[in-house]
>>> print(open('data-v3.pdb').read())   # PDB, C-alpha atoms
ATOM      1  CA  MET A   1     242.755   5.023 284.309
ATOM      2  CA  THR A   2     242.168   7.829 286.791
ATOM      3  CA  THR A   3     240.350  11.066 286.102
ATOM      4  CA  THR A   4     243.636  12.918 286.405
ATOM      5  CA  SER A   5     245.195  10.691 283.817
ATOM      6  CA  ASN A   6     242.247  11.117 281.444
ATOM      7  CA  THR A   7     242.308  14.874 281.828
ATOM      8  CA  ALA A   8     246.022  14.892 281.106
ATOM      9  CA  LYS A   9     245.443  12.844 277.981
ATOM     10  CA  VAL A  10     242.688  15.204 276.744
ATOM     11  CA  LEU A  11     244.843  18.259 277.377
ATOM     12  CA  ARG A  12     247.801  16.644 275.606
ATOM     13  CA  TRP A  13     245.758  15.925 272.514
ATOM     14  CA  THR A  14     244.189  19.367 272.590
ATOM     15  CA  ALA A  15     247.621  20.944 272.805
ATOM     16  CA  LEU A  16     248.864  18.852 269.886
ATOM     17  CA  LEU A  17     245.810  19.668 267.755
ATOM     18  CA  LEU A  18     246.176  23.351 268.590
ATOM     19  CA  LEU A  19     249.881  23.274 267.718
ATOM     20  CA  LEU A  20     249.385  21.527 264.405
ATOM     21  CA  GLY A  21     246.178  23.397 263.563
ATOM     22  CA  SER A  22     247.615  26.840 264.197
ATOM     23  CA  LEU A  23     250.791  26.091 262.241
ATOM     24  CA  GLY A  24     248.704  24.690 259.403
ATOM     25  CA  ALA A  25     246.290  27.635 259.348
ATOM     26  CA  TRP A  26     249.168  30.096 259.455
ATOM     27  CA  GLY A  27     251.002  28.310 256.641
ATOM     28  CA  LEU A  28     247.882  28.007 254.478
ATOM     29  CA  GLY A  29     247.140  31.668 255.131
ATOM     30  CA  GLY A  30     250.390  32.633 253.431
ATOM     31  CA  ALA A  31     252.893  32.182 256.298
ATOM     32  CA  ASN A  32     252.647  35.894 257.031
ATOM     33  CA  ARG A  33     255.634  36.891 259.176
ATOM     34  CA  GLY A  34     254.059  40.222 260.057
ATOM     35  CA  TRP A  35     250.979  41.248 262.029
ATOM     36  CA  THR A  36     247.566  39.687 261.378
ATOM     37  CA  ARG A  37     245.702  41.516 258.634
ATOM     38  CA  THR A  38     241.998  41.802 257.890
ATOM     39  CA  GLU A  39     242.496  43.774 254.671
ATOM     40  CA  SER A  40     244.560  43.165 251.576
ATOM     41  CA  THR A  41     245.797  46.051 249.416
ATOM     42  CA  THR A  42     246.914  45.836 245.800
ATOM     43  CA  ILE A  43     248.037  48.679 243.563
ATOM     44  CA  ALA A  44     246.177  49.455 240.343
ATOM     45  CA  ARG A  45     246.847  52.120 237.714
ATOM     46  CA  ASP A  46     244.384  54.741 236.508
ATOM     47  CA  GLU A  47     244.375  54.639 232.718
ATOM     48  CA  ILE A  48     243.996  58.321 231.912
ATOM     49  CA  THR A  49     246.136  59.948 234.594
ATOM     50  CA  GLY A  50     248.695  57.130 235.025
ATOM     51  CA  LEU A  51     248.264  57.397 238.792
ATOM     52  CA  ASP A  52     248.905  54.367 240.976
ATOM     53  CA  TYR A  53     246.176  53.871 243.560
ATOM     54  CA  PRO A  54     245.414  51.307 246.293
ATOM     55  CA  VAL A  55     242.565  48.825 245.967
ATOM     56  CA  THR A  56     241.670  47.391 249.370
ATOM     57  CA  THR A  57     239.621  44.238 249.889
ATOM     58  CA  ARG A  58     238.597  42.406 253.039
ATOM     59  CA  ALA A  59     240.883  39.372 253.470
ATOM     60  CA  PHE A  60     241.916  37.639 256.694
ATOM     61  CA  GLN A  61     245.578  36.704 256.891
ATOM     62  CA  PRO A  62     246.831  35.357 260.236
ATOM     63  CA  GLY A  63     250.128  36.772 261.391
ATOM     64  CA  VAL A  64     252.777  35.878 263.951
ATOM     65  CA  ASP A  65     250.736  37.526 266.723
ATOM     66  CA  LEU A  66     247.882  35.012 266.348
ATOM     67  CA  LEU A  67     250.332  32.164 265.735
ATOM     68  CA  GLY A  68     252.273  33.124 268.843
ATOM     69  CA  ALA A  69     249.105  33.247 270.948
ATOM     70  CA  ALA A  70     247.971  29.811 269.687
ATOM     71  CA  LEU A  71     251.406  28.233 270.231
ATOM     72  CA  GLY A  72     251.575  29.821 273.668
ATOM     73  CA  LEU A  73     248.201  28.332 274.605
ATOM     74  CA  ALA A  74     249.303  24.932 273.236
ATOM     75  CA  ALA A  75     252.435  25.166 275.398
ATOM     76  CA  VAL A  76     250.359  25.990 278.493
ATOM     77  CA  LEU A  77     247.980  23.081 277.849
ATOM     78  CA  GLY A  78     250.963  20.811 277.248
ATOM     79  CA  ALA A  79     252.589  21.920 280.487
ATOM     80  CA  VAL A  80     249.383  21.366 282.477
ATOM     81  CA  SER A  81     248.996  17.956 280.838
ATOM     82  CA  TRP A  82     252.533  17.016 281.836
ATOM     83  CA  LYS A  83     251.969  18.141 285.439
ATOM     84  CA  LEU A  84     248.773  16.108 285.650
ATOM     85  CA  SER A  85     250.526  13.061 284.138
ATOM     86  CA  ARG A  86     253.215  13.252 286.816
ATOM     87  CA  LYS A  87     250.535  13.562 289.485
ATOM     88  CA  ALA A  88     248.673  10.559 288.088
ATOM     89  CA  ALA A  89     251.891   8.555 287.975
ATOM     90  CA  ALA A  90     252.656   9.516 291.573
ATOM     91  CA  GLN A  91     249.151   8.469 292.633
ATOM     92  CA  ALA A  92     249.574   5.112 290.854
ATOM     93  CA  THR A  93     252.802   4.335 292.740
TER      94      THR A  93
ATOM     95  CA  MET B   1     245.462  97.020 204.320
ATOM     96  CA  LYS B   2     248.545  95.065 205.244
ATOM     97  CA  LEU B   3     248.896  97.199 208.413
ATOM     98  CA  VAL B   4     245.247  96.560 209.351
ATOM     99  CA  THR B   5     245.758  92.809 208.867
ATOM    100  CA  GLN B   6     248.891  92.909 211.025
ATOM    101  CA  LEU B   7     247.079  94.875 213.739
ATOM    102  CA  LEU B   8     244.152  92.447 213.724
ATOM    103  CA  ALA B   9     246.523  89.467 213.904
ATOM    104  CA  SER B  10     248.379  91.042 216.825
ATOM    105  CA  ALA B  11     245.111  91.735 218.640
ATOM    106  CA  ALA B  12     243.965  88.132 218.096
ATOM    107  CA  LEU B  13     247.302  86.781 219.361
ATOM    108  CA  LEU B  14     247.198  89.046 222.404
ATOM    109  CA  SER B  15     243.628  88.084 223.305
ATOM    110  CA  SER B  16     244.326  84.357 222.953
ATOM    111  CA  ALA B  17     247.442  84.708 225.098
ATOM    112  CA  VAL B  18     245.450  86.507 227.769
ATOM    113  CA  ALA B  19     242.703  83.853 227.623
ATOM    114  CA  PHE B  20     245.235  80.993 227.852
ATOM    115  CA  ALA B  21     247.097  82.743 230.686
ATOM    116  CA  ALA B  22     244.068  82.589 233.001
ATOM    117  CA  PRO B  23     244.706  80.228 235.913
ATOM    118  CA  LEU B  24     242.413  77.231 236.184
ATOM    119  CA  SER B  25     240.964  76.018 239.448
ATOM    120  CA  PHE B  26     241.333  72.257 239.864
ATOM    121  CA  ASP B  27     239.116  70.400 242.313
ATOM    122  CA  PHE B  28     240.899  67.445 243.966
ATOM    123  CA  LYS B  29     237.843  65.741 245.390
ATOM    124  CA  ASP B  30     237.983  62.683 243.150
ATOM    125  CA  PRO B  31     234.654  60.977 242.359
ATOM    126  CA  LYS B  32     236.598  57.927 241.111
ATOM    127  CA  GLY B  33     238.296  57.530 244.495
ATOM    128  CA  VAL B  34     241.744  57.246 242.935
ATOM    129  CA  ASN B  35     243.418  60.141 244.761
ATOM    130  CA  ASN B  36     245.525  58.737 247.567
ATOM    131  CA  VAL B  37     248.284  59.211 250.072
ATOM    132  CA  LEU B  38     250.566  56.280 250.871
ATOM    133  CA  PHE B  39     252.518  56.321 254.118
ATOM    134  CA  ASN B  40     255.303  54.095 255.410
ATOM    135  CA  LEU B  41     257.128  53.854 258.732
ATOM    136  CA  ASP B  42     259.894  51.456 259.734
ATOM    137  CA  ALA B  43     259.201  49.070 262.594
ATOM    138  CA  PRO B  44     261.071  46.006 263.956
ATOM    139  CA  LEU B  45     258.635  43.257 262.874
ATOM    140  CA  GLU B  46     257.502  44.745 259.572
ATOM    141  CA  ALA B  47     257.228  48.206 258.034
ATOM    142  CA  ILE B  48     253.925  49.892 258.776
ATOM    143  CA  SER B  49     252.303  50.794 255.458
ATOM    144  CA  GLY B  50     248.939  52.365 254.955
ATOM    145  CA  THR B  51     246.802  54.558 252.781
ATOM    146  CA  GLY B  52     244.540  57.573 252.993
ATOM    147  CA  THR B  53     241.960  58.328 250.345
ATOM    148  CA  GLY B  54     239.835  61.146 251.789
ATOM    149  CA  ILE B  55     241.407  63.810 249.611
ATOM    150  CA  ALA B  56     239.851  67.230 248.937
ATOM    151  CA  GLY B  57     241.007  70.740 248.090
ATOM    152  CA  THR B  58     241.698  73.041 245.178
ATOM    153  CA  VAL B  59     244.778  74.104 243.271
ATOM    154  CA  SER B  60     245.027  77.151 241.063
ATOM    155  CA  PHE B  61     247.255  76.349 238.084
ATOM    156  CA  ASP B  62     248.073  78.451 235.045
ATOM    157  CA  PRO B  63     249.498  76.336 232.192
ATOM    158  CA  ALA B  64     251.281  79.448 230.863
ATOM    159  CA  ASN B  65     252.744  80.306 234.263
ATOM    160  CA  PRO B  66     253.155  77.186 236.452
ATOM    161  CA  ALA B  67     255.336  79.086 238.917
ATOM    162  CA  ALA B  68     252.243  80.950 240.086
ATOM    163  CA  THR B  69     250.553  77.761 241.295
ATOM    164  CA  THR B  70     248.914  77.923 244.706
ATOM    165  CA  GLY B  71     246.407  75.742 246.483
ATOM    166  CA  ARG B  72     245.338  73.764 249.506
ATOM    167  CA  ILE B  73     244.950  69.993 249.740
ATOM    168  CA  THR B  74     243.327  68.251 252.703
ATOM    169  CA  LEU B  75     243.240  64.643 253.846
ATOM    170  CA  ALA B  76     240.491  63.327 256.124
ATOM    171  CA  THR B  77     242.350  61.552 258.925
ATOM    172  CA  SER B  78     239.470  59.085 259.341
ATOM    173  CA  SER B  79     240.365  57.697 255.901
ATOM    174  CA  LEU B  80     243.841  56.622 257.050
ATOM    175  CA  THR B  81     244.025  52.865 257.347
ATOM    176  CA  VAL B  82     246.448  49.965 257.800
ATOM    177  CA  GLY B  83     245.885  46.229 257.361
ATOM    178  CA  ASN B  84     245.783  45.309 261.053
ATOM    179  CA  PRO B  85     242.574  46.444 262.810
ATOM    180  CA  MET B  86     244.171  46.992 266.232
ATOM    181  CA  MET B  87     246.953  49.020 264.670
ATOM    182  CA  LYS B  88     244.344  51.092 262.818
ATOM    183  CA  ASP B  89     242.547  51.845 266.092
ATOM    184  CA  HIS B  90     245.833  52.975 267.654
ATOM    185  CA  LEU B  91     246.697  55.066 264.580
ATOM    186  CA  GLN B  92     243.392  56.944 264.744
ATOM    187  CA  GLY B  93     243.262  57.023 268.540
ATOM    188  CA  LYS B  94     243.942  59.826 270.970
ATOM    189  CA  MET B  95     247.606  58.921 271.550
ATOM    190  CA  TRP B  96     248.571  59.040 267.864
ATOM    191  CA  LEU B  97     246.575  61.045 265.300
ATOM    192  CA  ASP B  98     243.548  61.758 267.520
ATOM    193  CA  VAL B  99     241.156  61.717 264.581
ATOM    194  CA  ALA B 100     238.204  62.803 266.734
ATOM    195  CA  THR B 101     239.916  66.109 267.606
ATOM    196  CA  HIS B 102     241.885  66.627 264.387
ATOM    197  CA  PRO B 103     239.723  65.474 261.486
ATOM    198  CA  GLU B 104     242.035  66.650 258.748
ATOM    199  CA  ILE B 105     245.638  67.028 257.661
ATOM    200  CA  SER B 106     246.251  69.951 255.304
ATOM    201  CA  PHE B 107     248.948  71.338 253.072
ATOM    202  CA  GLU B 108     248.721  74.922 251.837
ATOM    203  CA  ALA B 109     251.106  75.653 248.968
ATOM    204  CA  THR B 110     252.444  79.177 249.037
ATOM    205  CA  ALA B 111     255.190  79.158 246.406
ATOM    206  CA  LEU B 112     256.841  77.137 243.665
ATOM    207  CA  SER B 113     260.550  77.388 242.904
ATOM    208  CA  ASN B 114     263.051  75.628 240.599
ATOM    209  CA  VAL B 115     260.255  75.404 238.047
ATOM    210  CA  LYS B 116     261.040  73.435 234.875
ATOM    211  CA  THR B 117     258.381  72.752 232.246
ATOM    212  CA  VAL B 118     258.759  70.278 229.401
ATOM    213  CA  GLY B 119     255.609  69.891 227.357
ATOM    214  CA  ASP B 120     252.704  69.354 229.734
ATOM    215  CA  LYS B 121     254.897  68.274 232.664
ATOM    216  CA  THR B 122     256.226  70.719 235.227
ATOM    217  CA  THR B 123     258.671  69.796 237.981
ATOM    218  CA  ALA B 124     259.328  72.161 240.830
ATOM    219  CA  THR B 125     259.910  72.517 244.531
ATOM    220  CA  VAL B 126     256.729  73.422 246.370
ATOM    221  CA  THR B 127     256.892  75.314 249.654
ATOM    222  CA  GLY B 128     253.967  75.535 251.981
ATOM    223  CA  LYS B 129     252.459  74.920 255.393
ATOM    224  CA  LEU B 130     251.760  71.363 256.507
ATOM    225  CA  THR B 131     249.345  70.973 259.425
ATOM    226  CA  ILE B 132     249.128  67.653 261.267
ATOM    227  CA  LYS B 133     247.400  67.198 264.626
ATOM    228  CA  GLY B 134     247.023  70.944 265.036
ATOM    229  CA  VAL B 135     250.720  71.669 264.497
ATOM    230  CA  THR B 136     251.781  73.695 261.443
ATOM    231  CA  LYS B 137     255.274  73.547 259.973
ATOM    232  CA  GLU B 138     256.740  74.994 256.806
ATOM    233  CA  LEU B 139     257.779  72.300 254.367
ATOM    234  CA  SER B 140     259.414  72.112 250.946
ATOM    235  CA  ALA B 141     259.087  69.089 248.707
ATOM    236  CA  PRO B 142     259.701  68.119 245.088
ATOM    237  CA  VAL B 143     256.507  68.031 243.032
ATOM    238  CA  SER B 144     255.542  67.151 239.494
ATOM    239  CA  LEU B 145     252.464  68.637 237.847
ATOM    240  CA  THR B 146     251.160  67.142 234.632
ATOM    241  CA  TYR B 147     248.550  69.186 232.812
ATOM    242  CA  LEU B 148     246.155  67.094 230.691
ATOM    243  CA  PRO B 149     243.958  69.462 228.650
ATOM    244  CA  GLY B 150     240.595  68.107 227.550
ATOM    245  CA  LYS B 151     240.963  64.746 229.359
ATOM    246  CA  LEU B 152     238.228  65.141 231.968
ATOM    247  CA  GLY B 153     235.512  63.579 229.797
ATOM    248  CA  ALA B 154     237.673  60.551 228.949
ATOM    249  CA  ARG B 155     238.503  59.988 232.616
ATOM    250  CA  MET B 156     234.890  60.162 233.750
ATOM    251  CA  GLY B 157     233.609  58.113 230.797
ATOM    252  CA  LYS B 158     231.422  61.001 229.594
ATOM    253  CA  ALA B 159     232.417  62.185 226.122
ATOM    254  CA  ASP B 160     230.358  65.382 226.406
ATOM    255  CA  LEU B 161     232.036  66.465 229.646
ATOM    256  CA  LYS B 162     234.577  69.155 228.844
ATOM    257  CA  GLY B 163     237.459  69.971 231.110
ATOM    258  CA  ASP B 164     241.103  69.518 231.997
ATOM    259  CA  LEU B 165     243.033  67.409 234.480
ATOM    260  CA  LEU B 166     246.032  68.253 236.646
ATOM    261  CA  VAL B 167     248.025  65.287 237.966
ATOM    262  CA  LEU B 168     250.082  66.038 241.037
ATOM    263  CA  ARG B 169     252.770  63.721 242.423
ATOM    264  CA  THR B 170     255.072  64.315 245.354
ATOM    265  CA  GLN B 171     257.141  62.385 247.884
ATOM    266  CA  PHE B 172     258.534  63.664 251.129
ATOM    267  CA  SER B 173     259.208  62.653 254.734
ATOM    268  CA  VAL B 174     258.142  64.160 258.035
ATOM    269  CA  ASN B 175     259.248  63.596 261.613
ATOM    270  CA  ARG B 176     256.264  62.618 263.740
ATOM    271  CA  SER B 177     257.717  64.168 266.897
ATOM    272  CA  GLU B 178     257.739  67.592 265.216
ATOM    273  CA  PHE B 179     253.967  67.336 264.841
ATOM    274  CA  GLY B 180     253.294  66.149 268.379
ATOM    275  CA  ILE B 181     252.590  62.534 267.391
ATOM    276  CA  MET B 182     253.854  60.583 270.424
ATOM    277  CA  PRO B 183     256.986  62.794 270.482
ATOM    278  CA  GLY B 184     260.091  60.802 271.399
ATOM    279  CA  LYS B 185     258.018  57.791 272.452
ATOM    280  CA  ASN B 186     257.897  54.223 271.133
ATOM    281  CA  THR B 187     260.847  54.979 268.864
ATOM    282  CA  GLU B 188     262.059  51.362 269.246
ATOM    283  CA  LYS B 189     258.689  50.122 267.948
ATOM    284  CA  VAL B 190     257.726  52.796 265.433
ATOM    285  CA  SER B 191     260.116  54.974 263.422
ATOM    286  CA  GLU B 192     260.050  58.748 263.916
ATOM    287  CA  THR B 193     260.252  59.238 260.143
ATOM    288  CA  ILE B 194     257.076  58.918 258.097
ATOM    289  CA  ASP B 195     257.553  58.611 254.331
ATOM    290  CA  LEU B 196     254.651  60.016 252.347
ATOM    291  CA  THR B 197     253.728  59.627 248.683
ATOM    292  CA  LEU B 198     250.879  61.643 247.173
ATOM    293  CA  ASN B 199     249.186  60.625 243.928
ATOM    294  CA  LEU B 200     246.476  63.134 243.072
ATOM    295  CA  ALA B 201     244.405  64.220 240.088
ATOM    296  CA  GLY B 202     242.330  67.405 240.030
ATOM    297  CA  ALA B 203     239.620  68.365 237.582
ATOM    298  CA  ALA B 204     238.720  71.732 236.097
ATOM    299  CA  ALA B 205     235.404  71.406 234.312
ATOM    300  CA  GLN B 206     234.553  73.849 231.548
ATOM    301  CA  ASN B 207     230.988  75.144 231.525
TER     302      ASN B 207
END
>>> encode(input="data-v3.pdb", output="structure tokens")
Amino acid sequence: MTTTSNTAKVLRWTALLLLLGSLGAWGLGGANRGWTRTESTTIARDEITGLDYPVTTRAFQPGVDLLGAALGLAAVLGAVSWKLSRKAAAQAT
Amino acid sequence: MKLVTQLLASAALLSSAVAFAAPLSFDFKDPKGVNNVLFNLDAPLEAISGTGTGIAGTVSFDPANPAATTGRITLATSSLTVGNPMMKDHLQGKMWLDVATHPEISFEATALSNVKTVGDKTTATVTGKLTIKGVTKELSAPVSLTYLPGKLGARMGKADLKGDLLVLRTQFSVNRSEFGIMPGKNTEKVSETIDLTLNLAGAAAQN
């Protein structure tokens, strides 16, 4: 197997891992269809006044922006892998 | 004797009415950190929702004459936050709220109208001057004021602390272009209309 072929194989696997990993992380993170968040806000009620107030905690939740970037990178790696595979095949023939 | 008793009773009633009619000054800097402003703007991907908790200011409220209420509430713009860190930087940055140059948003109430009081709750329309990013506009909004006499100690968890609470709630919308916040720009990404909800409690301690 040539170097080109090996590189193509590595890139293909990397792209696949990135695709599956990013989808998995996004899904496990709550499948947030909005922007990535680093804070989570819940609403609590003050007993005496009856006022609703926000309680904010630090919580990372990946959004479609991060997912899109990861899938985009996976697509680029996959495309480069495909190009290299074609080159390797051409060299073999 | 009966006349003297009647005169004394009248004097007592008059003095108590005068004492009760004195307006109280409520401080809205909340040590419990409950006072908050919620804001919401429409956007294509998801609505932009955030909070602001840096509330301060005073309101003068007379339980016997709610229509005479005046006051000024401020919000520290550095306390405004959203869940996405990049969006928060933009929000506080020079193009949007320019927090460095305009550290506070303020509302100065000048008059109450359509005042209706049932028990300790007063609903009215408050008119005043709203200042955002250095631009001041007159604004009217519905407001509810709930007077809670003697509840300050219970709220702060100190039984010996005497004082009253005034709970203020209001909801209204503003147009960001009118206050010079990216006027007419990015309207396809961020709505011009900002919906605001204020949930505030002020305290008037008795010495």
>>> closest_residue(input="data-v3.pdb", among="A:Thr2, A:Pro54, A:Thr7, A:Ala15", to="Ala79 of chain A", atoms="only C-alpha atoms")
A:Ala15
>>> interface_residues(input="data-v3.pdb", of="chain A", to="chain B", cutoff="12 Å", atoms="all atoms listed in the file", output="number ranges by chain")
A: 32-66
>>> residues_around(input="data-v3.pdb", residues="Gly128 of chain B", least_positions_apart="6", cutoff="6 Å", atoms="only C-alpha atoms", output="PyMOL selection string")
chain B and resi 108-110+138-139
>>> residues_around(input="data-v3.pdb", residues="Leu73 of chain A", least_positions_apart="2", cutoff="12 Å", atoms="only C-alpha atoms", output="list in words")
Leu11, Arg12, Thr14, Ala15, Leu16, Leu17, Leu18, Leu19, Ser22, Leu66, Leu67, Gly68, Ala69, Ala70, Leu71, Ala75, Val76, Leu77, Gly78, Ala79 and Val80 of chain A
>>> atom_distance(input="data-v3.pdb", atom1="atom CA of Val174 of chain B", atom2="atom CA of Thr193 of chain B")
5.8 Å
>>> resolve_selection(input="data-v3.pdb", expression="the PyMOL selection byres ((chain B and resi 62) around 9)", output="PyMOL selection string")
chain B and resi 20-25+60-61+63-69
>>> closest_residue(input="data-v3.pdb", among="B:Ile132, B:Thr123, B:Ser49, B:Thr74", to="Asp98 of chain B", atoms="only C-alpha atoms")
B:Ile132
>>> residues_around(input="data-v3.pdb", residues="segment 140-142 of chain B", least_positions_apart="5", cutoff="10 Å", atoms="only C-alpha atoms", output="VMD selection string")
chain B and resid 109 111 to 114 123 to 130 169 to 173
>>> resolve_selection(input="data-v3.pdb", expression="the PyMOL selection byres ((chain B and resi 181-187) around 12)", output="short mmCIF file (atom, residue, chain, number, x, y, z; two decimals) with C-alpha atoms, keeping the file's coordinate frame")
data_model
loop_
_atom_site.label_atom_id
_atom_site.label_comp_id
_atom_site.auth_asym_id
_atom_site.auth_seq_id
_atom_site.Cartn_x
_atom_site.Cartn_y
_atom_site.Cartn_z
CA LEU B 41 257.13 53.85 258.73
CA ASP B 42 259.89 51.46 259.73
CA ALA B 43 259.20 49.07 262.59
CA PRO B 44 261.07 46.01 263.96
CA HIS B 90 245.83 52.98 267.65
CA LEU B 91 246.70 55.07 264.58
CA GLN B 92 243.39 56.94 264.74
CA GLY B 93 243.26 57.02 268.54
CA LYS B 94 243.94 59.83 270.97
CA MET B 95 247.61 58.92 271.55
CA TRP B 96 248.57 59.04 267.86
CA LEU B 97 246.58 61.04 265.30
CA ASP B 98 243.55 61.76 267.52
CA VAL B 99 241.16 61.72 264.58
CA HIS B 102 241.88 66.63 264.39
CA ILE B 132 249.13 67.65 261.27
CA LYS B 133 247.40 67.20 264.63
CA GLY B 134 247.02 70.94 265.04
CA VAL B 135 250.72 71.67 264.50
CA VAL B 174 258.14 64.16 258.04
CA ASN B 175 259.25 63.60 261.61
CA ARG B 176 256.26 62.62 263.74
CA SER B 177 257.72 64.17 266.90
CA GLU B 178 257.74 67.59 265.22
CA PHE B 179 253.97 67.34 264.84
CA GLY B 180 253.29 66.15 268.38
CA GLU B 188 262.06 51.36 269.25
CA LYS B 189 258.69 50.12 267.95
CA VAL B 190 257.73 52.80 265.43
CA SER B 191 260.12 54.97 263.42
CA GLU B 192 260.05 58.75 263.92
CA THR B 193 260.25 59.24 260.14
CA ILE B 194 257.08 58.92 258.10
#
>>> build_atoms(input="data-v3.pdb", residues="segment 25-40 of chain A", atoms="N, CA and C atoms", output="JSON list (two decimals), keeping the file's coordinate frame")
[["chain", "number", "residue", "atom", "x", "y", "z"],
["A", 25, "ALA", "N", 247.10, 26.48, 259.76],
["A", 25, "ALA", "CA", 246.29, 27.64, 259.35],
["A", 25, "ALA", "C", 247.18, 28.81, 258.97],
["A", 26, "TRP", "N", 248.23, 29.00, 259.74],
["A", 26, "TRP", "CA", 249.17, 30.10, 259.46],
["A", 26, "TRP", "C", 249.88, 29.87, 258.13],
["A", 27, "GLY", "N", 250.32, 28.63, 257.90],
["A", 27, "GLY", "CA", 251.00, 28.31, 256.64],
["A", 27, "GLY", "C", 250.08, 28.45, 255.45],
["A", 28, "LEU", "N", 248.85, 27.93, 255.59],
["A", 28, "LEU", "CA", 247.88, 28.01, 254.48],
["A", 28, "LEU", "C", 247.45, 29.44, 254.23],
["A", 29, "GLY", "N", 247.53, 30.26, 255.26],
["A", 29, "GLY", "CA", 247.14, 31.67, 255.13],
["A", 29, "GLY", "C", 248.22, 32.53, 254.51],
["A", 30, "GLY", "N", 249.33, 31.88, 254.10],
["A", 30, "GLY", "CA", 250.39, 32.63, 253.43],
["A", 30, "GLY", "C", 251.65, 32.77, 254.24],
["A", 31, "ALA", "N", 251.70, 32.12, 255.44],
["A", 31, "ALA", "CA", 252.89, 32.18, 256.30],
["A", 31, "ALA", "C", 253.34, 33.63, 256.49],
["A", 32, "ASN", "N", 252.39, 34.46, 256.85],
["A", 32, "ASN", "CA", 252.65, 35.89, 257.03],
["A", 32, "ASN", "C", 253.52, 36.12, 258.26],
["A", 33, "ARG", "N", 254.71, 36.67, 258.05],
["A", 33, "ARG", "CA", 255.63, 36.89, 259.18],
["A", 33, "ARG", "C", 255.47, 38.27, 259.80],
["A", 34, "GLY", "N", 254.36, 38.93, 259.44],
["A", 34, "GLY", "CA", 254.06, 40.22, 260.06],
["A", 34, "GLY", "C", 252.83, 40.10, 260.94],
["A", 35, "TRP", "N", 252.18, 41.24, 261.19],
["A", 35, "TRP", "CA", 250.98, 41.25, 262.03],
["A", 35, "TRP", "C", 249.79, 40.69, 261.26],
["A", 36, "THR", "N", 248.81, 40.16, 261.98],
["A", 36, "THR", "CA", 247.57, 39.69, 261.38],
["A", 36, "THR", "C", 246.87, 40.81, 260.63],
["A", 37, "ARG", "N", 246.37, 40.49, 259.44],
["A", 37, "ARG", "CA", 245.70, 41.52, 258.63],
["A", 37, "ARG", "C", 244.26, 41.09, 258.37],
["A", 38, "THR", "N", 243.38, 42.07, 258.29],
["A", 38, "THR", "CA", 242.00, 41.80, 257.89],
["A", 38, "THR", "C", 241.68, 42.46, 256.55],
["A", 39, "GLU", "N", 242.67, 43.15, 255.99],
["A", 39, "GLU", "CA", 242.50, 43.77, 254.67],
["A", 39, "GLU", "C", 243.70, 43.46, 253.81],
["A", 40, "SER", "N", 243.46, 43.38, 252.51],
["A", 40, "SER", "CA", 244.56, 43.16, 251.58],
["A", 40, "SER", "C", 244.55, 44.32, 250.58]]
